[in-house]
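Below: model06.json (JSON, C-alpha atoms)
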```
[["chain", "number", "residue", "atom", "x", "y", "z"],
["A", 106, "MET", "CA", 0.00, 0.00, 0.00],
["A", 107, "ASP", "CA", 1.28, 3.44, -0.91],
["A", 108, "TRP", "CA", 1.10, 5.43, 2.33],
["A", 109, "THR", "CA", 2.62, 8.49, 0.67],
["A", 110, "LEU", "CA", -0.38, 8.69, -1.67],
["A", 111, "ILE", "CA", -2.82, 8.50, 1.25],
["A", 112, "CYS", "CA", -0.83, 11.11, 3.21],
["A", 113, "ASN", "CA", -0.75, 13.48, 0.23],
["A", 114, "LEU", "CA", -4.49, 13.04, -0.33],
["A", 115, "CYS", "CA", -5.18, 13.91, 3.32],
["A", 116, "ILE", "CA", -2.95, 16.97, 3.04],
["A", 117, "GLU", "CA", -4.82, 18.07, -0.10],
["A", 118, "ILE", "CA", -8.16, 17.65, 1.69],
["A", 119, "MET", "CA", -6.96, 19.71, 4.66],
["A", 120, "GLU", "CA", -5.57, 22.41, 2.35],
["A", 121, "SER", "CA", -8.89, 22.48, 0.53],
["A", 122, "ALA", "CA", -10.70, 22.76, 3.88],
["A", 123, "SER", "CA", -8.48, 25.68, 4.88],
["A", 124, "THR", "CA", -9.27, 27.46, 1.61],
["A", 125, "THR", "CA", -12.98, 26.66, 1.82],
["A", 126, "PHE", "CA", -13.39, 27.91, 5.39],
["A", 127, "GLY", "CA", -10.94, 30.80, 5.09],
["A", 128, "VAL", "CA", -8.56, 29.65, 7.81],
["A", 129, "SER", "CA", -4.97, 28.44, 7.78],
["A", 130, "TYR", "CA", -3.84, 24.85, 7.26],
["A", 131, "GLY", "CA", -2.34, 24.98, 10.76],
["A", 132, "PHE", "CA", -5.68, 25.97, 12.28],
["A", 133, "ILE", "CA", -7.44, 23.05, 10.55],
["A", 134, "ASN", "CA", -4.71, 20.70, 11.77],
["A", 135, "VAL", "CA", -4.94, 21.92, 15.39],
["A", 136, "PHE", "CA", -8.74, 21.96, 15.29],
["A", 137, "LEU", "CA", -8.97, 18.35, 14.08],
["A", 138, "PHE", "CA", -6.14, 16.66, 15.92],
["A", 139, "ILE", "CA", -5.70, 18.72, 19.10],
["A", 140, "ILE", "CA", -9.31, 19.70, 19.84],
["A", 141, "MET", "CA", -11.90, 17.52, 18.07],
["A", 142, "GLN", "CA", -10.18, 14.11, 18.13],
["A", 143, "PRO", "CA", -9.38, 14.16, 21.87],
["A", 144, "LEU", "CA", -12.88, 15.51, 22.58],
["A", 145, "ALA", "CA", -14.43, 12.62, 20.64],
["A", 146, "ILE", "CA", -12.21, 10.05, 22.38],
["A", 147, "PHE", "CA", -12.96, 11.54, 25.80],
["A", 148, "SER", "CA", -16.72, 11.55, 25.23],
["A", 149, "MET", "CA", -16.60, 7.89, 24.12],
["A", 150, "PHE", "CA", -14.60, 7.03, 27.25],
["A", 151, "VAL", "CA", -17.12, 8.84, 29.48],
["A", 152, "ALA", "CA", -20.02, 7.10, 27.73],
["A", 153, "TYR", "CA", -18.33, 3.73, 28.30],
["A", 154, "ILE", "CA", -17.72, 4.44, 32.00],
["A", 155, "LEU", "CA", -21.30, 5.65, 32.49],
["A", 156, "GLN", "CA", -22.67, 2.58, 30.77],
["A", 157, "ARG", "CA", -20.57, 0.35, 33.00],
["A", 158, "MET", "CA", -22.01, 2.20, 36.01],
["A", 159, "LYS", "CA", -25.54, 1.51, 34.64],
["A", 160, "LYS", "CA", -26.21, 5.21, 34.01],
["A", 161, "ASN", "CA", -27.62, 4.51, 30.56],
["A", 162, "ILE", "CA", -29.31, 7.88, 29.99],
["A", 163, "MET", "CA", -26.09, 9.83, 30.59],
["A", 164, "ALA", "CA", -24.16, 7.32, 28.47],
["A", 165, "LEU", "CA", -26.66, 7.93, 25.68],
["A", 166, "VAL", "CA", -26.15, 11.69, 26.00],
["A", 167, "PHE", "CA", -22.37, 11.31, 25.65],
["A", 168, "CYS", "CA", -22.82, 8.95, 22.68],
["A", 169, "ILE", "CA", -24.99, 11.58, 20.99],
["A", 170, "ILE", "CA", -22.34, 14.24, 21.73],
["A", 171, "ASP", "CA", -19.68, 11.99, 20.24],
["A", 172, "LEU", "CA", -21.74, 11.26, 17.14],
["A", 173, "SER", "CA", -22.35, 14.99, 16.73],
["A", 174, "ILE", "CA", -18.61, 15.66, 16.82],
["A", 175, "VAL", "CA", -17.91, 12.97, 14.25],
["A", 176, "ALA", "CA", -20.78, 14.16, 12.03],
["A", 177, "PHE", "CA", -19.49, 17.74, 12.19],
["A", 178, "ILE", "CA", -16.00, 16.64, 11.14],
["A", 179, "LEU", "CA", -17.41, 14.52, 8.29],
["A", 180, "VAL", "CA", -19.61, 17.33, 6.99],
["A", 181, "CYS", "CA", -16.67, 19.75, 7.02],
["A", 182, "LEU", "CA", -14.49, 17.25, 5.16],
["A", 183, "ILE", "CA", -17.22, 16.53, 2.60],
["A", 184, "ILE", "CA", -17.57, 20.26, 1.94],
["A", 185, "ALA", "CA", -13.79, 20.56, 1.61],
["A", 186, "VAL", "CA", -13.56, 17.61, -0.79],
["A", 187, "GLY", "CA", -16.39, 19.07, -2.83],
["A", 188, "ASN", "CA", -14.37, 22.28, -3.27],
["A", 189, "MET", "CA", -11.08, 20.56, -4.16],
["A", 190, "LYS", "CA", -9.52, 21.48, -7.46],
["A", 191, "VAL", "CA", -8.88, 18.36, -9.52],
["A", 192, "ALA", "CA", -5.78, 18.30, -11.68],
["A", 193, "VAL", "CA", -6.64, 17.14, -15.20]]
```

Reformat the file's structure so that it appears as structure tokens.
Amino acid sequence: MDWTLICNLCIEIMESASTTFGVSYGFINVFLFIIMQPLAIFSMFVAYILQRMKKNIMALVFCIIDLSIVAFILVCLIIAVGNMKVAV
């Protein structure tokens, strides 16, 4: 598998996202990997702990929060990919 190709594609998507949303590549990088990813992991961990403690309603709330975070990231990436310039 060509990991360089996958890495370059991800970089192109993030550059397209930065152009689409009018922010820097660095901001997109920090937003995704320093803020959103740890937030998603933490909310999944809290949901797991709450479910183990039989607090199912609160676990459901944290699962919904986590799904919202993931959905937000996916929508932003879909918008960015839609605005990518394809080399012909």

At a cut-off of 12 Å, using all atoms listed in the file, what residues contact A:Met163? Leave out same-chain residues fewer than 3 positions from it and give the result as a PDB file with C-alpha atoms, in the frame of the given file.
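Listed below is the output, out30.pdb:
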```pdb
ATOM      1  CA  SER A 148     -16.720  11.550  25.230  1.00  0.00           C
ATOM      2  CA  MET A 149     -16.600   7.890  24.120  1.00  0.00           C
ATOM      3  CA  VAL A 151     -17.120   8.840  29.480  1.00  0.00           C
ATOM      4  CA  ALA A 152     -20.020   7.100  27.730  1.00  0.00           C
ATOM      5  CA  TYR A 153     -18.330   3.730  28.300  1.00  0.00           C
ATOM      6  CA  ILE A 154     -17.720   4.440  32.000  1.00  0.00           C
ATOM      7  CA  LEU A 155     -21.300   5.650  32.490  1.00  0.00           C
ATOM      8  CA  GLN A 156     -22.670   2.580  30.770  1.00  0.00           C
ATOM      9  CA  ARG A 157     -20.570   0.350  33.000  1.00  0.00           C
ATOM     10  CA  MET A 158     -22.010   2.200  36.010  1.00  0.00           C
ATOM     11  CA  LYS A 159     -25.540   1.510  34.640  1.00  0.00           C
ATOM     12  CA  LYS A 160     -26.210   5.210  34.010  1.00  0.00           C
ATOM     13  CA  VAL A 166     -26.150  11.690  26.000  1.00  0.00           C
ATOM     14  CA  PHE A 167     -22.370  11.310  25.650  1.00  0.00           C
ATOM     15  CA  CYS A 168     -22.820   8.950  22.680  1.00  0.00           C
ATOM     16  CA  ILE A 169     -24.990  11.580  20.990  1.00  0.00           C
ATOM     17  CA  ILE A 170     -22.340  14.240  21.730  1.00  0.00           C
TER      18      ILE A 170
END
```

> What is the atom CA of A:Ile111-atom CA of A:Leu179 distance in Å, reported with one decimal?
Replying inline: 17.3 Å

>> Show me, as a ChimeraX atom specification, the residues that have an atom within 8 Å of A:Leu182 when counting only C-alpha atoms, minus same-chain residues fewer than 5 positions from it.
In response: /A:118-119,122

Writer output for current selection, C-alpha atoms, as a short mmCIF file (atom, residue, chain, number, x, y, z; two decimals), in the frame of the given file:
```cif
data_model
loop_
_atom_site.label_atom_id
_atom_site.label_comp_id
_atom_site.auth_asym_id
_atom_site.auth_seq_id
_atom_site.Cartn_x
_atom_site.Cartn_y
_atom_site.Cartn_z
CA ILE A 118 -8.16 17.65 1.69
CA MET A 119 -6.96 19.71 4.66
CA ALA A 122 -10.70 22.76 3.88
#
```

> Rounded to one decimal in Å, what is the spacing between atom CA of A:Ile116 and atom CA of A:Phe138?
Replying inline: 13.3 Å

> Can you tell me how far atom CA of A:Leu165 sits from atom CA of A:Ile184, in Å to one decimal?
Replying inline: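 Computing the Euclidean distance for atom CA of A:Leu165 and atom CA of A:Ile184 yields 28.3 Å.
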
>> List as an MDAnalysis selection string the protein and nucleic acid residues near A:Ile183, meaning an atom at most 12 Å away when only C-alpha atoms are counted, but skip any in the same chain fewer than 5 places from it.
In response: chainID A and resid 118:119 121:122 125 176:178 188:189

Could you write out that same residue set with C-alpha atoms as a PDB file, in the frame of the given file?
```pdb
ATOM      1  CA  ILE A 118      -8.160  17.650   1.690  1.00  0.00           C
ATOM      2  CA  MET A 119      -6.960  19.710   4.660  1.00  0.00           C
ATOM      3  CA  SER A 121      -8.890  22.480   0.530  1.00  0.00           C
ATOM      4  CA  ALA A 122     -10.700  22.760   3.880  1.00  0.00           C
ATOM      5  CA  THR A 125     -12.980  26.660   1.820  1.00  0.00           C
ATOM      6  CA  ALA A 176     -20.780  14.160  12.030  1.00  0.00           C
ATOM      7  CA  PHE A 177     -19.490  17.740  12.190  1.00  0.00           C
ATOM      8  CA  ILE A 178     -16.000  16.640  11.140  1.00  0.00           C
ATOM      9  CA  ASN A 188     -14.370  22.280  -3.270  1.00  0.00           C
ATOM     10  CA  MET A 189     -11.080  20.560  -4.160  1.00  0.00           C
TER      11      MET A 189
END
```

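Between A:Asn134 and the residues A:Cys115, A:Leu110, A:Val180, A:Val186, the shortest atom-to-atom distance, using all atoms listed in the file, involves A:Cys115.
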
>> Could you check the closest approach to A:Thr124 for each of A:Met106, A:Leu172, A:Ile146, A:Cys181 and tell me which residue wins, using all atoms listed in the file?
In response: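 Counting all atoms listed in the file, the residue closest to A:Thr124 is A:Cys181.
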
> For A:Ala185, which residue out of A:Trp108, A:Gly127, A:Asn113, A:Leu144 is the nearest one, using all atoms listed in the file?
Replying inline: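 Under the stated criterion, the closest residue is A:Gly127.
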
Axis-aligned box for stretch 175-191 of chain A, 3 Å per side, centre and edges in Å as lines of an AutoDock Vina configuration file:
```
center_x = -14.8
center_y = 17.6
center_z = 2.4
size_x = 17.9
size_y = 15.3
size_z = 29.8
```

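Of the residues listed (A:Phe126, A:Phe136, A:Ala145, A:Phe150), A:Ala145 shows the shortest atom-to-atom separation from A:Asp171; distances use all atoms listed in the file.
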
Kindly output stretch 107-118 of chain A as a JSON list (two decimals), in the frame of the given file, after building all heavy atoms.
```json
[["chain", "number", "residue", "atom", "x", "y", "z"],
["A", 107, "ASP", "N", 0.50, 2.21, -0.77],
["A", 107, "ASP", "CA", 1.28, 3.44, -0.91],
["A", 107, "ASP", "C", 0.80, 4.47, 0.11],
["A", 107, "ASP", "O", -0.15, 5.19, -0.12],
["A", 107, "ASP", "CB", 1.15, 3.98, -2.34],
["A", 107, "ASP", "CG", 2.09, 5.15, -2.58],
["A", 107, "ASP", "OD1", 2.94, 5.42, -1.73],
["A", 107, "ASP", "OD2", 1.96, 5.78, -3.64],
["A", 108, "TRP", "N", 1.49, 4.53, 1.26],
["A", 108, "TRP", "CA", 1.10, 5.43, 2.33],
["A", 108, "TRP", "C", 1.36, 6.88, 1.96],
["A", 108, "TRP", "O", 0.67, 7.78, 2.46],
["A", 108, "TRP", "CB", 1.83, 5.06, 3.62],
["A", 108, "TRP", "CG", 1.39, 3.73, 4.13],
["A", 108, "TRP", "CD1", 2.11, 2.57, 4.09],
["A", 108, "TRP", "CD2", 0.13, 3.38, 4.70],
["A", 108, "TRP", "NE1", 1.38, 1.54, 4.61],
["A", 108, "TRP", "CE2", 0.15, 2.01, 5.00],
["A", 108, "TRP", "CE3", -1.02, 4.10, 4.99],
["A", 108, "TRP", "CZ2", -0.93, 1.35, 5.58],
["A", 108, "TRP", "CZ3", -2.09, 3.44, 5.56],
["A", 108, "TRP", "CH2", -2.03, 2.08, 5.86],
["A", 109, "THR", "N", 2.33, 7.13, 1.10],
["A", 109, "THR", "CA", 2.62, 8.49, 0.67],
["A", 109, "THR", "C", 1.42, 9.07, -0.08],
["A", 109, "THR", "O", 1.07, 10.24, 0.10],
["A", 109, "THR", "CB", 3.88, 8.53, -0.21],
["A", 109, "THR", "OG1", 4.94, 7.92, 0.51],
["A", 109, "THR", "CG2", 4.25, 9.93, -0.58],
["A", 110, "LEU", "N", 0.80, 8.25, -0.92],
["A", 110, "LEU", "CA", -0.38, 8.69, -1.67],
["A", 110, "LEU", "C", -1.51, 9.06, -0.72],
["A", 110, "LEU", "O", -2.15, 10.11, -0.88],
["A", 110, "LEU", "CB", -0.82, 7.59, -2.64],
["A", 110, "LEU", "CG", -2.06, 7.88, -3.46],
["A", 110, "LEU", "CD1", -1.77, 9.00, -4.46],
["A", 110, "LEU", "CD2", -2.51, 6.64, -4.18],
["A", 111, "ILE", "N", -1.76, 8.23, 0.28],
["A", 111, "ILE", "CA", -2.82, 8.50, 1.25],
["A", 111, "ILE", "C", -2.50, 9.77, 2.04],
["A", 111, "ILE", "O", -3.38, 10.62, 2.24],
["A", 111, "ILE", "CB", -3.01, 7.30, 2.19],
["A", 111, "ILE", "CG1", -3.53, 6.10, 1.40],
["A", 111, "ILE", "CG2", -3.96, 7.64, 3.34],
["A", 111, "ILE", "CD1", -3.57, 4.81, 2.16],
["A", 112, "CYS", "N", -1.24, 9.92, 2.46],
["A", 112, "CYS", "CA", -0.83, 11.11, 3.21],
["A", 112, "CYS", "C", -1.02, 12.37, 2.36],
["A", 112, "CYS", "O", -1.56, 13.37, 2.84],
["A", 112, "CYS", "CB", 0.62, 10.98, 3.64],
["A", 112, "CYS", "SG", 1.22, 12.39, 4.56],
["A", 113, "ASN", "N", -0.60, 12.32, 1.11],
["A", 113, "ASN", "CA", -0.75, 13.48, 0.23],
["A", 113, "ASN", "C", -2.21, 13.82, -0.02],
["A", 113, "ASN", "O", -2.57, 15.00, -0.09],
["A", 113, "ASN", "CB", -0.01, 13.25, -1.09],
["A", 113, "ASN", "CG", 1.49, 13.27, -0.91],
["A", 113, "ASN", "OD1", 2.00, 13.85, 0.04],
["A", 113, "ASN", "ND2", 2.21, 12.61, -1.80],
["A", 114, "LEU", "N", -3.06, 12.81, -0.15],
["A", 114, "LEU", "CA", -4.49, 13.04, -0.33],
["A", 114, "LEU", "C", -5.07, 13.73, 0.91],
["A", 114, "LEU", "O", -5.85, 14.69, 0.78],
["A", 114, "LEU", "CB", -5.23, 11.73, -0.59],
["A", 114, "LEU", "CG", -6.74, 11.83, -0.74],
["A", 114, "LEU", "CD1", -7.10, 12.69, -1.95],
["A", 114, "LEU", "CD2", -7.36, 10.47, -0.83],
["A", 115, "CYS", "N", -4.69, 13.28, 2.09],
["A", 115, "CYS", "CA", -5.18, 13.91, 3.32],
["A", 115, "CYS", "C", -4.71, 15.35, 3.43],
["A", 115, "CYS", "O", -5.47, 16.24, 3.85],
["A", 115, "CYS", "CB", -4.71, 13.11, 4.54],
["A", 115, "CYS", "SG", -5.51, 11.50, 4.67],
["A", 116, "ILE", "N", -3.47, 15.60, 3.03],
["A", 116, "ILE", "CA", -2.95, 16.97, 3.04],
["A", 116, "ILE", "C", -3.73, 17.84, 2.07],
["A", 116, "ILE", "O", -4.09, 18.99, 2.39],
["A", 116, "ILE", "CB", -1.44, 16.99, 2.73],
["A", 116, "ILE", "CG1", -0.66, 16.38, 3.91],
["A", 116, "ILE", "CG2", -0.96, 18.41, 2.44],
["A", 116, "ILE", "CD1", 0.80, 16.14, 3.63],
["A", 117, "GLU", "N", -4.04, 17.32, 0.88],
["A", 117, "GLU", "CA", -4.82, 18.07, -0.10],
["A", 117, "GLU", "C", -6.21, 18.39, 0.44],
["A", 117, "GLU", "O", -6.73, 19.51, 0.24],
["A", 117, "GLU", "CB", -4.92, 17.30, -1.41],
["A", 117, "GLU", "CG", -3.66, 17.31, -2.23],
["A", 117, "GLU", "CD", -3.84, 16.56, -3.55],
["A", 117, "GLU", "OE1", -4.95, 16.61, -4.11],
["A", 117, "GLU", "OE2", -2.87, 15.93, -3.99],
["A", 118, "ILE", "N", -6.83, 17.43, 1.12],
["A", 118, "ILE", "CA", -8.16, 17.65, 1.69],
["A", 118, "ILE", "C", -8.10, 18.74, 2.75],
["A", 118, "ILE", "O", -8.95, 19.64, 2.79],
["A", 118, "ILE", "CB", -8.74, 16.34, 2.27],
["A", 118, "ILE", "CG1", -9.07, 15.38, 1.13],
["A", 118, "ILE", "CG2", -9.98, 16.62, 3.12],
["A", 118, "ILE", "CD1", -9.45, 13.99, 1.59]]
```
